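Shown here: upload.cif, mmCIF, C-alpha atoms.
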data_target
loop_
_atom_site.group_PDB
_atom_site.id
_atom_site.type_symbol
_atom_site.label_atom_id
_atom_site.label_comp_id
_atom_site.auth_asym_id
_atom_site.auth_seq_id
_atom_site.Cartn_x
_atom_site.Cartn_y
_atom_site.Cartn_z
ATOM 1 C CA MET Y 27 33.568 61.761 36.109
ATOM 2 C CA ASP Y 28 29.855 61.331 35.418
ATOM 3 C CA GLN Y 29 29.450 58.174 33.359
ATOM 4 C CA ARG Y 30 26.685 59.478 31.091
ATOM 5 C CA SER Y 31 28.666 62.613 30.403
ATOM 6 C CA GLU Y 32 31.738 60.518 29.571
ATOM 7 C CA ILE Y 33 29.757 58.486 27.037
ATOM 8 C CA ARG Y 34 28.064 61.528 25.532
ATOM 9 C CA GLU Y 35 31.205 63.586 25.190
ATOM 10 C CA PHE Y 36 33.308 60.702 23.884
ATOM 11 C CA LEU Y 37 30.852 59.818 21.115
ATOM 12 C CA ALA Y 38 30.222 63.458 20.228
ATOM 13 C CA SER Y 39 33.959 64.125 19.983
ATOM 14 C CA ARG Y 40 34.475 61.137 17.674
ATOM 15 C CA ARG Y 41 31.511 62.200 15.517
ATOM 16 C CA ALA Y 42 32.854 65.738 15.210
ATOM 17 C CA ARG Y 43 36.113 64.658 13.594
ATOM 18 C CA ILE Y 44 34.537 62.835 10.622
ATOM 19 C CA THR Y 45 33.291 64.691 7.548
ATOM 20 C CA PRO Y 46 30.454 63.386 5.350
ATOM 21 C CA GLU Y 47 32.909 63.070 2.471
ATOM 22 C CA GLN Y 48 35.064 60.673 4.500
ATOM 23 C CA VAL Y 49 32.194 58.194 4.774
ATOM 24 C CA GLY Y 50 30.706 58.690 1.315
ATOM 25 C CA LEU Y 51 27.774 60.900 2.302
ATOM 26 C CA PRO Y 52 26.783 64.046 0.399
ATOM 27 C CA HIS Y 53 27.687 67.332 2.024
ATOM 28 C CA ALA Y 54 24.238 68.917 2.062
ATOM 29 C CA GLY Y 55 23.860 72.492 3.304
ATOM 30 C CA SER Y 56 25.695 74.404 6.008
ATOM 31 C CA ARG Y 57 26.463 72.781 9.345
ATOM 32 C CA ARG Y 58 26.300 74.418 12.728
ATOM 33 C CA VAL Y 59 28.802 71.962 14.165
ATOM 34 C CA PRO Y 60 31.749 70.120 12.596
ATOM 35 C CA GLY Y 61 31.581 66.503 11.578
ATOM 36 C CA LEU Y 62 28.657 64.155 11.126
ATOM 37 C CA ARG Y 63 25.144 64.719 12.357
ATOM 38 C CA ARG Y 64 23.548 62.179 14.665
ATOM 39 C CA GLU Y 65 21.169 61.017 11.939
ATOM 40 C CA GLU Y 66 24.115 60.360 9.640
ATOM 41 C CA VAL Y 67 25.831 58.215 12.256
ATOM 42 C CA ALA Y 68 22.547 56.339 12.730
ATOM 43 C CA ILE Y 69 22.346 55.641 8.989
ATOM 44 C CA LEU Y 70 25.932 54.421 8.863
ATOM 45 C CA ALA Y 71 25.402 52.199 11.922
ATOM 46 C CA GLY Y 72 22.089 50.821 10.621
ATOM 47 C CA VAL Y 73 20.039 51.908 13.647
ATOM 48 C CA GLY Y 74 17.190 54.337 14.178
ATOM 49 C CA VAL Y 75 17.938 58.000 14.813
ATOM 50 C CA ASP Y 76 16.089 57.948 18.141
ATOM 51 C CA TYR Y 77 18.008 54.846 19.195
ATOM 52 C CA TYR Y 78 21.384 56.365 18.355
ATOM 53 C CA THR Y 79 20.382 59.615 20.067
ATOM 54 C CA ARG Y 80 19.648 57.618 23.201
ATOM 55 C CA ILE Y 81 23.087 55.988 22.948
ATOM 56 C CA GLU Y 82 24.914 59.282 22.511
ATOM 57 C CA ARG Y 83 23.050 60.776 25.442
ATOM 58 C CA GLY Y 84 24.780 58.204 27.597
ATOM 59 C CA ASN Y 85 22.165 55.481 27.941
ATOM 60 C CA LEU Y 86 23.928 52.269 26.907
ATOM 61 C CA ARG Y 87 21.916 49.933 29.085
ATOM 62 C CA GLY Y 88 20.737 46.986 27.020
ATOM 63 C CA VAL Y 89 22.688 47.990 23.902
ATOM 64 C CA SER Y 90 24.016 44.841 22.246
ATOM 65 C CA ASP Y 91 27.620 44.202 21.281
ATOM 66 C CA GLY Y 92 26.499 44.126 17.649
ATOM 67 C CA VAL Y 93 25.123 47.655 17.854
ATOM 68 C CA LEU Y 94 28.282 48.864 19.612
ATOM 69 C CA GLU Y 95 30.369 47.315 16.851
ATOM 70 C CA ALA Y 96 28.229 49.070 14.242
ATOM 71 C CA VAL Y 97 28.633 52.411 16.007
ATOM 72 C CA ALA Y 98 32.393 51.846 16.272
ATOM 73 C CA ARG Y 99 32.585 51.204 12.518
ATOM 74 C CA ALA Y 100 30.416 54.215 11.706
ATOM 75 C CA LEU Y 101 32.661 56.477 13.781
ATOM 76 C CA GLN Y 102 35.832 54.823 12.431
ATOM 77 C CA LEU Y 103 37.118 54.075 15.919
ATOM 78 C CA ASP Y 104 40.560 52.548 16.221
ATOM 79 C CA GLU Y 105 41.173 49.601 18.538
ATOM 80 C CA PRO Y 106 41.846 51.605 21.732
ATOM 81 C CA GLU Y 107 38.755 53.739 21.067
ATOM 82 C CA ARG Y 108 36.609 50.696 20.350
ATOM 83 C CA THR Y 109 37.778 49.054 23.590
ATOM 84 C CA HIS Y 110 37.030 52.284 25.457
ATOM 85 C CA LEU Y 111 33.489 52.354 24.043
ATOM 86 C CA PHE Y 112 32.888 48.800 25.237
ATOM 87 C CA ASP Y 113 34.357 49.660 28.651
ATOM 88 C CA LEU Y 114 32.002 52.630 28.912
ATOM 89 C CA ALA Y 115 29.075 50.436 27.910
ATOM 90 C CA ARG Y 116 30.008 47.769 30.427
ATOM 91 C CA ALA Y 117 30.321 50.293 33.238
ATOM 92 C CA GLY Y 118 27.153 52.099 32.145
ATOM 93 C CA SER Y 119 25.117 48.890 32.152
ATOM 94 C CA THR Y 120 25.669 48.241 35.845
ATOM 95 C CA PRO Y 121 23.888 50.068 38.670
ATOM 96 C CA ALA Y 122 25.713 53.144 39.906
ATOM 97 C CA ARG Y 123 27.908 52.437 42.921
ATOM 98 C CA PRO Y 124 29.359 54.801 45.516
ATOM 99 C CA ARG Y 125 32.850 55.945 44.682
ATOM 100 C CA ARG Y 126 35.448 53.955 46.565
ATOM 101 C CA ARG Y 127 39.194 53.811 46.786
ATOM 102 C CA ARG Y 128 40.167 50.911 44.583
ATOM 103 C CA SER Y 129 43.557 51.736 43.042
ATOM 104 C CA GLN Y 130 46.064 49.126 44.096
ATOM 105 C CA ASN Y 131 48.900 50.802 45.971
ATOM 106 C CA GLN Y 132 51.007 47.839 47.018
ATOM 107 C CA ILE Y 133 52.888 45.162 45.131
ATOM 108 C CA ARG Y 134 53.786 41.592 45.961
ATOM 109 C CA PRO Y 135 57.312 40.910 47.282
ATOM 110 C CA GLY Y 136 58.012 38.742 44.242
ATOM 111 C CA VAL Y 137 57.333 41.657 41.900
ATOM 112 C CA GLN Y 138 59.616 43.916 43.922
ATOM 113 C CA ARG Y 139 62.394 41.311 43.694
ATOM 114 C CA ILE Y 140 62.057 41.197 39.905
ATOM 115 C CA VAL Y 141 62.230 44.985 39.642
ATOM 116 C CA ASP Y 142 65.273 45.121 41.915
ATOM 117 C CA ALA Y 143 67.009 42.391 39.878
ATOM 118 C CA MET Y 144 66.938 44.584 36.745
ATOM 119 C CA VAL Y 145 70.230 46.317 37.479
ATOM 120 C CA GLY Y 146 71.018 47.309 33.879
ATOM 121 C CA ALA Y 147 67.629 48.730 32.893
ATOM 122 C CA PRO Y 148 65.377 51.325 34.524
ATOM 123 C CA ALA Y 149 62.182 49.574 35.682
ATOM 124 C CA PHE Y 150 58.922 50.764 37.243
ATOM 125 C CA VAL Y 151 55.568 49.338 38.252
ATOM 126 C CA HIS Y 152 52.532 51.608 37.772
ATOM 127 C CA ASN Y 153 48.883 51.174 38.639
ATOM 128 C CA GLY Y 154 46.102 52.382 36.348
ATOM 129 C CA ARG Y 155 46.179 55.948 37.637
ATOM 130 C CA THR Y 156 49.951 56.244 37.027
ATOM 131 C CA ASP Y 157 51.068 55.905 40.643
ATOM 132 C CA VAL Y 158 54.609 54.515 40.802
ATOM 133 C CA LEU Y 159 54.416 51.567 43.200
ATOM 134 C CA ALA Y 160 57.896 50.137 42.642
ATOM 135 C CA VAL Y 161 61.107 51.359 41.046
ATOM 136 C CA ASN Y 162 64.654 50.071 40.918
ATOM 137 C CA PRO Y 163 67.646 52.291 41.773
ATOM 138 C CA LEU Y 164 68.407 52.975 38.089
ATOM 139 C CA GLY Y 165 64.817 54.015 37.444
ATOM 140 C CA ARG Y 166 64.887 56.360 40.425
ATOM 141 C CA ALA Y 167 68.156 57.890 39.230
ATOM 142 C CA LEU Y 168 66.805 58.323 35.696
ATOM 143 C CA TYR Y 169 63.580 59.992 36.855
ATOM 144 C CA ALA Y 170 65.166 61.901 39.740
ATOM 145 C CA PRO Y 171 62.994 65.043 39.344
ATOM 146 C CA MET Y 172 59.787 63.011 39.529
ATOM 147 C CA PHE Y 173 60.836 61.404 42.815
ATOM 148 C CA ASP Y 174 61.982 64.721 44.278
ATOM 149 C CA THR Y 175 58.644 65.340 46.024
ATOM 150 C CA ASP Y 176 57.076 64.797 49.419
ATOM 151 C CA VAL Y 177 53.798 63.635 47.874
ATOM 152 C CA ARG Y 178 53.317 59.868 48.009
ATOM 153 C CA PRO Y 179 52.724 57.824 46.046
ATOM 154 C CA VAL Y 180 54.741 59.434 43.275
ATOM 155 C CA ASN Y 181 52.446 59.929 40.276
ATOM 156 C CA SER Y 182 53.742 60.438 36.733
ATOM 157 C CA ALA Y 183 50.675 62.358 35.505
ATOM 158 C CA ARG Y 184 50.914 64.766 38.441
ATOM 159 C CA PHE Y 185 54.616 65.291 37.682
ATOM 160 C CA THR Y 186 53.886 65.892 33.995
ATOM 161 C CA PHE Y 187 51.272 68.602 34.528
ATOM 162 C CA LEU Y 188 52.065 70.157 37.895
ATOM 163 C CA ASP Y 189 55.874 70.138 38.136
ATOM 164 C CA GLY Y 190 57.567 72.830 36.062
ATOM 165 C CA ARG Y 191 60.654 70.649 35.657
ATOM 166 C CA ALA Y 192 58.716 68.168 33.532
ATOM 167 C CA ARG Y 193 58.804 70.350 30.416
ATOM 168 C CA GLU Y 194 62.593 70.399 30.588
ATOM 169 C CA PHE Y 195 62.896 66.720 31.489
ATOM 170 C CA TYR Y 196 60.644 65.477 28.669
ATOM 171 C CA ARG Y 197 62.046 66.711 25.369
ATOM 172 C CA ASP Y 198 58.712 65.796 23.744
ATOM 173 C CA TRP Y 199 56.526 67.002 26.613
ATOM 174 C CA ASP Y 200 53.485 67.552 24.403
ATOM 175 C CA ARG Y 201 53.310 63.877 23.415
ATOM 176 C CA ILE Y 202 53.967 62.731 26.977
ATOM 177 C CA ALA Y 203 51.140 64.952 28.203
ATOM 178 C CA SER Y 204 48.751 63.539 25.598
ATOM 179 C CA ASP Y 205 49.711 60.000 26.562
ATOM 180 C CA ALA Y 206 49.129 60.721 30.253
ATOM 181 C CA VAL Y 207 45.627 62.058 29.632
ATOM 182 C CA ALA Y 208 44.808 59.143 27.341
ATOM 183 C CA ILE Y 209 45.929 56.640 29.984
ATOM 184 C CA LEU Y 210 43.733 58.274 32.640
ATOM 185 C CA HIS Y 211 40.753 58.421 30.264
ATOM 186 C CA THR Y 212 41.162 54.733 29.503
ATOM 187 C CA GLU Y 213 41.252 53.925 33.211
ATOM 188 C CA ALA Y 214 38.187 56.086 33.864
ATOM 189 C CA GLY Y 215 36.261 54.137 31.235
ATOM 190 C CA LYS Y 216 37.015 50.871 33.014
ATOM 191 C CA HIS Y 217 36.589 52.098 36.591
ATOM 192 C CA PRO Y 218 34.269 55.122 36.785
ATOM 193 C CA ASP Y 219 33.685 54.529 40.500
ATOM 194 C CA ASP Y 220 37.380 54.796 41.429
ATOM 195 C CA ARG Y 221 37.537 57.601 43.979
ATOM 196 C CA ASP Y 222 41.334 57.845 43.831
ATOM 197 C CA LEU Y 223 41.198 58.371 40.077
ATOM 198 C CA SER Y 224 38.365 60.867 40.351
ATOM 199 C CA ASP Y 225 40.322 62.825 42.952
ATOM 200 C CA LEU Y 226 43.408 62.877 40.726
ATOM 201 C CA VAL Y 227 41.492 64.041 37.653
ATOM 202 C CA GLY Y 228 39.804 66.710 39.761
ATOM 203 C CA GLU Y 229 43.136 67.918 41.118
ATOM 204 C CA LEU Y 230 44.758 68.074 37.694
ATOM 205 C CA SER Y 231 41.724 69.782 36.133
ATOM 206 C CA THR Y 232 41.689 72.401 38.861
ATOM 207 C CA ARG Y 233 45.406 73.136 38.840
ATOM 208 C CA SER Y 234 46.266 72.767 35.133
ATOM 209 C CA ASP Y 235 44.456 74.514 32.289
ATOM 210 C CA VAL Y 236 46.394 72.372 29.825
ATOM 211 C CA PHE Y 237 45.196 69.161 31.437
ATOM 212 C CA ARG Y 238 41.604 70.388 31.552
ATOM 213 C CA LYS Y 239 41.600 71.210 27.842
ATOM 214 C CA ARG Y 240 43.196 67.899 26.883
ATOM 215 C CA TRP Y 241 40.799 65.954 29.117
ATOM 216 C CA ALA Y 242 37.887 67.497 27.205
ATOM 217 C CA GLU Y 243 39.249 65.998 23.954
ATOM 218 C CA HIS Y 244 38.490 62.450 25.196
ATOM 219 C CA ASP Y 245 41.417 60.843 23.418
ATOM 220 C CA VAL Y 246 42.389 57.297 24.390
ATOM 221 C CA ARG Y 247 45.240 55.100 23.222
ATOM 222 C CA TYR Y 248 47.304 52.085 24.206
ATOM 223 C CA HIS Y 249 50.591 52.691 25.975
ATOM 224 C CA ASP Y 250 52.615 49.530 25.412
ATOM 225 C CA THR Y 251 55.836 50.412 23.604
ATOM 226 C CA GLY Y 252 57.582 53.482 22.277
ATOM 227 C CA LEU Y 253 60.400 55.993 22.655
ATOM 228 C CA LYS Y 254 61.056 58.386 25.513
ATOM 229 C CA ARG Y 255 63.234 61.399 24.742
ATOM 230 C CA LEU Y 256 64.571 62.647 28.064
ATOM 231 C CA ARG Y 257 66.964 65.366 29.158
ATOM 232 C CA HIS Y 258 68.851 64.223 32.251
ATOM 233 C CA SER Y 259 70.418 66.926 34.402
ATOM 234 C CA VAL Y 260 73.805 65.160 34.422
ATOM 235 C CA LEU Y 261 73.884 62.967 31.314
ATOM 236 C CA GLY Y 262 72.126 65.248 28.878
ATOM 237 C CA ASP Y 263 69.816 63.966 26.151
ATOM 238 C CA LEU Y 264 68.784 60.303 26.267
ATOM 239 C CA ASP Y 265 66.691 58.393 23.724
ATOM 240 C CA LEU Y 266 65.246 55.330 25.425
ATOM 241 C CA THR Y 267 62.850 52.697 24.172
ATOM 242 C CA TYR Y 268 60.360 51.200 26.583
ATOM 243 C CA GLU Y 269 58.243 48.074 26.782
ATOM 244 C CA VAL Y 270 55.171 47.572 28.933
ATOM 245 C CA ALA Y 271 53.948 44.258 30.352
ATOM 246 C CA GLU Y 272 50.781 43.646 32.326
ATOM 247 C CA LEU Y 273 51.282 41.835 35.618
ATOM 248 C CA ARG Y 274 48.659 39.145 35.234
ATOM 249 C CA GLY Y 275 48.710 38.292 38.924
ATOM 250 C CA ASP Y 276 47.776 41.845 39.951
ATOM 251 C CA GLN Y 277 44.811 43.973 38.931
ATOM 252 C CA ASP Y 278 45.719 46.897 36.652
ATOM 253 C CA LEU Y 279 49.448 46.844 37.403
ATOM 254 C CA THR Y 280 51.974 47.222 34.599
ATOM 255 C CA LEU Y 281 55.746 46.863 34.430
ATOM 256 C CA PHE Y 282 57.699 49.460 32.427
ATOM 257 C CA VAL Y 283 61.257 48.606 31.367
ATOM 258 C CA TYR Y 284 63.571 51.010 29.516
ATOM 259 C CA GLY Y 285 66.507 50.318 27.250
ATOM 260 C CA ALA Y 286 68.789 52.006 24.730
ATOM 261 C CA GLU Y 287 70.177 51.184 21.305
ATOM 262 C CA PRO Y 288 73.429 49.195 21.816
ATOM 263 C CA GLN Y 289 76.652 51.225 21.506
ATOM 264 C CA SER Y 290 74.714 54.480 21.358
ATOM 265 C CA PRO Y 291 75.350 57.587 23.482
ATOM 266 C CA SER Y 292 72.147 56.789 25.350
ATOM 267 C CA ALA Y 293 73.414 53.277 26.150
ATOM 268 C CA ASP Y 294 76.656 54.771 27.426
ATOM 269 C CA GLY Y 295 74.651 57.197 29.540
ATOM 270 C CA LEU Y 296 72.614 54.383 31.083
ATOM 271 C CA GLU Y 297 75.803 52.503 31.968
ATOM 272 C CA ILE Y 298 77.188 55.559 33.725
ATOM 273 C CA LEU Y 299 73.909 56.097 35.537
ATOM 274 C CA ALA Y 300 73.682 52.428 36.532
ATOM 275 C CA SER Y 301 77.189 52.531 38.006
ATOM 276 C CA TRP Y 302 76.361 55.684 39.951
ATOM 277 C CA ALA Y 303 72.999 54.312 41.160
ATOM 278 C CA ALA Y 304 74.610 51.049 42.288
ATOM 279 C CA SER Y 305 77.350 52.860 44.217
ATOM 280 C CA ARG Y 306 74.816 55.143 45.879
ATOM 281 C CA ASP Y 307 72.625 52.168 46.759
ATOM 282 C CA GLN Y 308 75.607 50.376 48.298
ATOM 283 C CA ALA Y 309 76.531 53.505 50.228
ATOM 284 C CA ASP Y 310 73.030 53.577 51.698
ATOM 285 C CA VAL Y 311 73.402 49.945 52.770
ATOM 286 C CA ASP Y 312 76.827 50.534 54.338
ATOM 287 C CA SER Y 313 75.814 53.740 56.081
ATOM 288 C CA PRO Y 314 74.928 53.137 59.748
ATOM 289 C CA THR Y 315 71.402 53.982 60.780
ATOM 290 C CA GLN Y 316 71.248 57.158 62.826
#
Show this structure as structure tokens.
Amino acid sequence: MDQRSEIREFLASRRARITPEQVGLPHAGSRRVPGLRREEVAILAGVGVDYYTRIERGNLRGVSDGVLEAVARALQLDEPERTHLFDLARAGSTPARPRRRRSQNQIRPGVQRIVDAMVGAPAFVHNGRTDVLAVNPLGRALYAPMFDTDVRPVNSARFTFLDGRAREFYRDWDRIASDAVAILHTEAGKHPDDRDLSDLVGELSTRSDVFRKRWAEHDVRYHDTGLKRLRHSVLGDLDLTYEVAELRGDQDLTLFVYGAEPQSPSADGLEILASWAASRDQADVDSPTQ
């Protein structure tokens, strides 16, 4: 994850999706590449062509917030994309540092107690690279295929792209895959020196052609609420909403909590699963240690 390459490819990919007609510019002559030319972006942003060329080549050192805002408007970036551009600029303005392992892989006991107390809703805690650091019994029962691995920590992006069961488990696998890549891209913009993240992206790029192609699209988005359409091996199809909350006391940790529409088949399925998970958990407690 070379930072200059990330900046260059992100800006070029956003430029390529906008036609001159969309921004009120005349479509003059044939174009070798889709989208706007660099000089057209420079005009729209109110900066010199050479200056914008320097920006798109990955040199954001000394670029003001005002210029970044102008570039974001010229490229019609949405809020997640604008935030990503500023993250890239912030990381690119600091001296390069050796890659280090920085992903948090432990949680505080108080957070674990909160997750365990959610007996009626599946709950997880993820770090920025989608490692699952905490899960309650209902969450483990819901995502049983993802936890059926010897690799630790369990990682949802690795499950999505490298476990063949994921395409059956996620009824809308294509959207889930896009979300996973977008989450990792967002994290890479904030922490380009994260060795754990770099290793994960390298592994997924090497082992999954689909991931590699999607990574090259440089899409980013927020992942804070939505619908998960799952196919459980026992309960069948489940439609679950989810909410995401940042854990302000921990760096880059988020809490995911799932729920279902009241009196729906999915709500009934969660109740059945919760009863089964609770009985299995109690059986583990009662079972003598061998």
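Residue nearest Leu279 (chain Y) within the list Y:Leu266, Y:Ala303, Y:Leu114, Y:Val151: Y:Val151 [criterion: smallest interatomic distance, all atoms listed in the file].
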Given the file above and the PyMOL selection byres ((chain Y and resi 276) around 12), which residues are selected, and can you give them as a ChimeraX atom specification?
/Y:129-134,136-137,151-154,271-275,277-281
Which value, in Å to one decimal, gives the distance between CA of Gly295 (chain Y) and CA of Gly252 (chain Y)?
18.9 Å
Taking into account all atoms listed in the file, which residue in the set Y:Glu297, Y:Glu35, Y:Asp263, Y:Glu95 is nearest to Phe195 (chain Y)?
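Counting all atoms listed in the file, the residue closest to Phe195 (chain Y) is Y:Asp263.
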Restrict the calculation to only C-alpha atoms, then for each residue of region 68-142 of chain Y with any atom at most 12 Å from an atom of region 244-250 of chain Y give the closest atom pair and their distance in Å to one decimal, rows by chain and rising residue number, as a Markdown table.
| residue | atom | partner | partner_atom | distance |
| --- | --- | --- | --- | --- |
| Y:Leu103 | CA | Y:Val246 | CA | 10.5 |
| Y:Asp104 | CA | Y:Arg247 | CA | 8.8 |
| Y:Glu105 | CA | Y:Arg247 | CA | 8.3 |
| Y:Pro106 | CA | Y:Arg247 | CA | 5.1 |
| Y:Glu107 | CA | Y:Val246 | CA | 6.1 |
| Y:Arg108 | CA | Y:Val246 | CA | 9.7 |
| Y:Thr109 | CA | Y:Val246 | CA | 9.5 |
| Y:His110 | CA | Y:Val246 | CA | 7.4 |
| Y:Leu111 | CA | Y:Val246 | CA | 10.2 |
| Y:Asp113 | CA | Y:Val246 | CA | 11.9 |
Take the PyMOL selection byres ((chain Y and resi 205) around 12), apply it to the structure above, and return the hits as a ChimeraX atom specification.
/Y:156,182-183,186-187,198-204,206-212,237,240-241,244-252,254
Among the residues Y:Tyr196, Y:Phe185, Y:Phe282, Y:Trp302, the one that comes closest to Gly262 (chain Y) [using all atoms listed in the file]
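Comparing Y:Tyr196, Y:Phe185, Y:Phe282, Y:Trp302 against Gly262 (chain Y), the winner is Y:Tyr196.
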Separation of CA of Glu287 (chain Y) from CA of Met172 (chain Y), in Å and rounded to one decimal:
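For CA of Glu287 (chain Y) relative to CA of Met172 (chain Y), the distance reads 24.1 Å.
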Taking 6 positions as the minimum chain separation for residues in the same chain, which residues sit within 10 Å of Tyr284 (chain Y) when counting all atoms listed in the file? Answer as a list in words.
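Contacts, in chain order: Gly146, Ala147, Pro148, Ala149, Phe150, Gly165, Thr251, Gly252, Leu253, Lys254, Asp265, Leu266, Thr267, Tyr268, Glu269, Val270 and Leu296 of chain Y.
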Using all atoms listed in the file, which of the listed residues (Y:Leu101, Y:Asp76, Y:Pro179, Y:Val89) sits closest to Ala42 (chain Y)?
Y:Leu101
Gap from CA of Ser259 (chain Y) to CA of Ala304 (chain Y) - Å, one decimal
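CA of Ser259 (chain Y) sits 18.2 Å away from CA of Ala304 (chain Y).
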The PyMOL selection byres ((chain Y and resi 27-34) around 12) - which residues does that actually catch in the file I just gave you? List them as a ChimeraX atom specification.
/Y:35-41,64,78-87,107,110-123,125,210-228,231,241-245
Written selection (C-alpha atoms) as a PDB file, in the frame of the given file:
ATOM      1  CA  GLU Y  35      31.205  63.586  25.190  1.00  0.00           C
ATOM      2  CA  PHE Y  36      33.308  60.702  23.884  1.00  0.00           C
ATOM      3  CA  LEU Y  37      30.852  59.818  21.115  1.00  0.00           C
ATOM      4  CA  ALA Y  38      30.222  63.458  20.228  1.00  0.00           C
ATOM      5  CA  SER Y  39      33.959  64.125  19.983  1.00  0.00           C
ATOM      6  CA  ARG Y  40      34.475  61.137  17.674  1.00  0.00           C
ATOM      7  CA  ARG Y  41      31.511  62.200  15.517  1.00  0.00           C
ATOM      8  CA  ARG Y  64      23.548  62.179  14.665  1.00  0.00           C
ATOM      9  CA  TYR Y  78      21.384  56.365  18.355  1.00  0.00           C
ATOM     10  CA  THR Y  79      20.382  59.615  20.067  1.00  0.00           C
ATOM     11  CA  ARG Y  80      19.648  57.618  23.201  1.00  0.00           C
ATOM     12  CA  ILE Y  81      23.087  55.988  22.948  1.00  0.00           C
ATOM     13  CA  GLU Y  82      24.914  59.282  22.511  1.00  0.00           C
ATOM     14  CA  ARG Y  83      23.050  60.776  25.442  1.00  0.00           C
ATOM     15  CA  GLY Y  84      24.780  58.204  27.597  1.00  0.00           C
ATOM     16  CA  ASN Y  85      22.165  55.481  27.941  1.00  0.00           C
ATOM     17  CA  LEU Y  86      23.928  52.269  26.907  1.00  0.00           C
ATOM     18  CA  ARG Y  87      21.916  49.933  29.085  1.00  0.00           C
ATOM     19  CA  GLU Y 107      38.755  53.739  21.067  1.00  0.00           C
ATOM     20  CA  HIS Y 110      37.030  52.284  25.457  1.00  0.00           C
ATOM     21  CA  LEU Y 111      33.489  52.354  24.043  1.00  0.00           C
ATOM     22  CA  PHE Y 112      32.888  48.800  25.237  1.00  0.00           C
ATOM     23  CA  ASP Y 113      34.357  49.660  28.651  1.00  0.00           C
ATOM     24  CA  LEU Y 114      32.002  52.630  28.912  1.00  0.00           C
ATOM     25  CA  ALA Y 115      29.075  50.436  27.910  1.00  0.00           C
ATOM     26  CA  ARG Y 116      30.008  47.769  30.427  1.00  0.00           C
ATOM     27  CA  ALA Y 117      30.321  50.293  33.238  1.00  0.00           C
ATOM     28  CA  GLY Y 118      27.153  52.099  32.145  1.00  0.00           C
ATOM     29  CA  SER Y 119      25.117  48.890  32.152  1.00  0.00           C
ATOM     30  CA  THR Y 120      25.669  48.241  35.845  1.00  0.00           C
ATOM     31  CA  PRO Y 121      23.888  50.068  38.670  1.00  0.00           C
ATOM     32  CA  ALA Y 122      25.713  53.144  39.906  1.00  0.00           C
ATOM     33  CA  ARG Y 123      27.908  52.437  42.921  1.00  0.00           C
ATOM     34  CA  ARG Y 125      32.850  55.945  44.682  1.00  0.00           C
ATOM     35  CA  LEU Y 210      43.733  58.274  32.640  1.00  0.00           C
ATOM     36  CA  HIS Y 211      40.753  58.421  30.264  1.00  0.00           C
ATOM     37  CA  THR Y 212      41.162  54.733  29.503  1.00  0.00           C
ATOM     38  CA  GLU Y 213      41.252  53.925  33.211  1.00  0.00           C
ATOM     39  CA  ALA Y 214      38.187  56.086  33.864  1.00  0.00           C
ATOM     40  CA  GLY Y 215      36.261  54.137  31.235  1.00  0.00           C
ATOM     41  CA  LYS Y 216      37.015  50.871  33.014  1.00  0.00           C
ATOM     42  CA  HIS Y 217      36.589  52.098  36.591  1.00  0.00           C
ATOM     43  CA  PRO Y 218      34.269  55.122  36.785  1.00  0.00           C
ATOM     44  CA  ASP Y 219      33.685  54.529  40.500  1.00  0.00           C
ATOM     45  CA  ASP Y 220      37.380  54.796  41.429  1.00  0.00           C
ATOM     46  CA  ARG Y 221      37.537  57.601  43.979  1.00  0.00           C
ATOM     47  CA  ASP Y 222      41.334  57.845  43.831  1.00  0.00           C
ATOM     48  CA  LEU Y 223      41.198  58.371  40.077  1.00  0.00           C
ATOM     49  CA  SER Y 224      38.365  60.867  40.351  1.00  0.00           C
ATOM     50  CA  ASP Y 225      40.322  62.825  42.952  1.00  0.00           C
ATOM     51  CA  LEU Y 226      43.408  62.877  40.726  1.00  0.00           C
ATOM     52  CA  VAL Y 227      41.492  64.041  37.653  1.00  0.00           C
ATOM     53  CA  GLY Y 228      39.804  66.710  39.761  1.00  0.00           C
ATOM     54  CA  SER Y 231      41.724  69.782  36.133  1.00  0.00           C
ATOM     55  CA  TRP Y 241      40.799  65.954  29.117  1.00  0.00           C
ATOM     56  CA  ALA Y 242      37.887  67.497  27.205  1.00  0.00           C
ATOM     57  CA  GLU Y 243      39.249  65.998  23.954  1.00  0.00           C
ATOM     58  CA  HIS Y 244      38.490  62.450  25.196  1.00  0.00           C
ATOM     59  CA  ASP Y 245      41.417  60.843  23.418  1.00  0.00           C
TER      60      ASP Y 245
END
Ranking Y:Leu264, Y:Val180, Y:Ile298, Y:Val93 by minimum distance to Leu159 (chain Y) and counting only C-alpha atoms, which one comes first?
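Nearest candidate to Leu159 (chain Y) out of Y:Leu264, Y:Val180, Y:Ile298, Y:Val93: Y:Val180.
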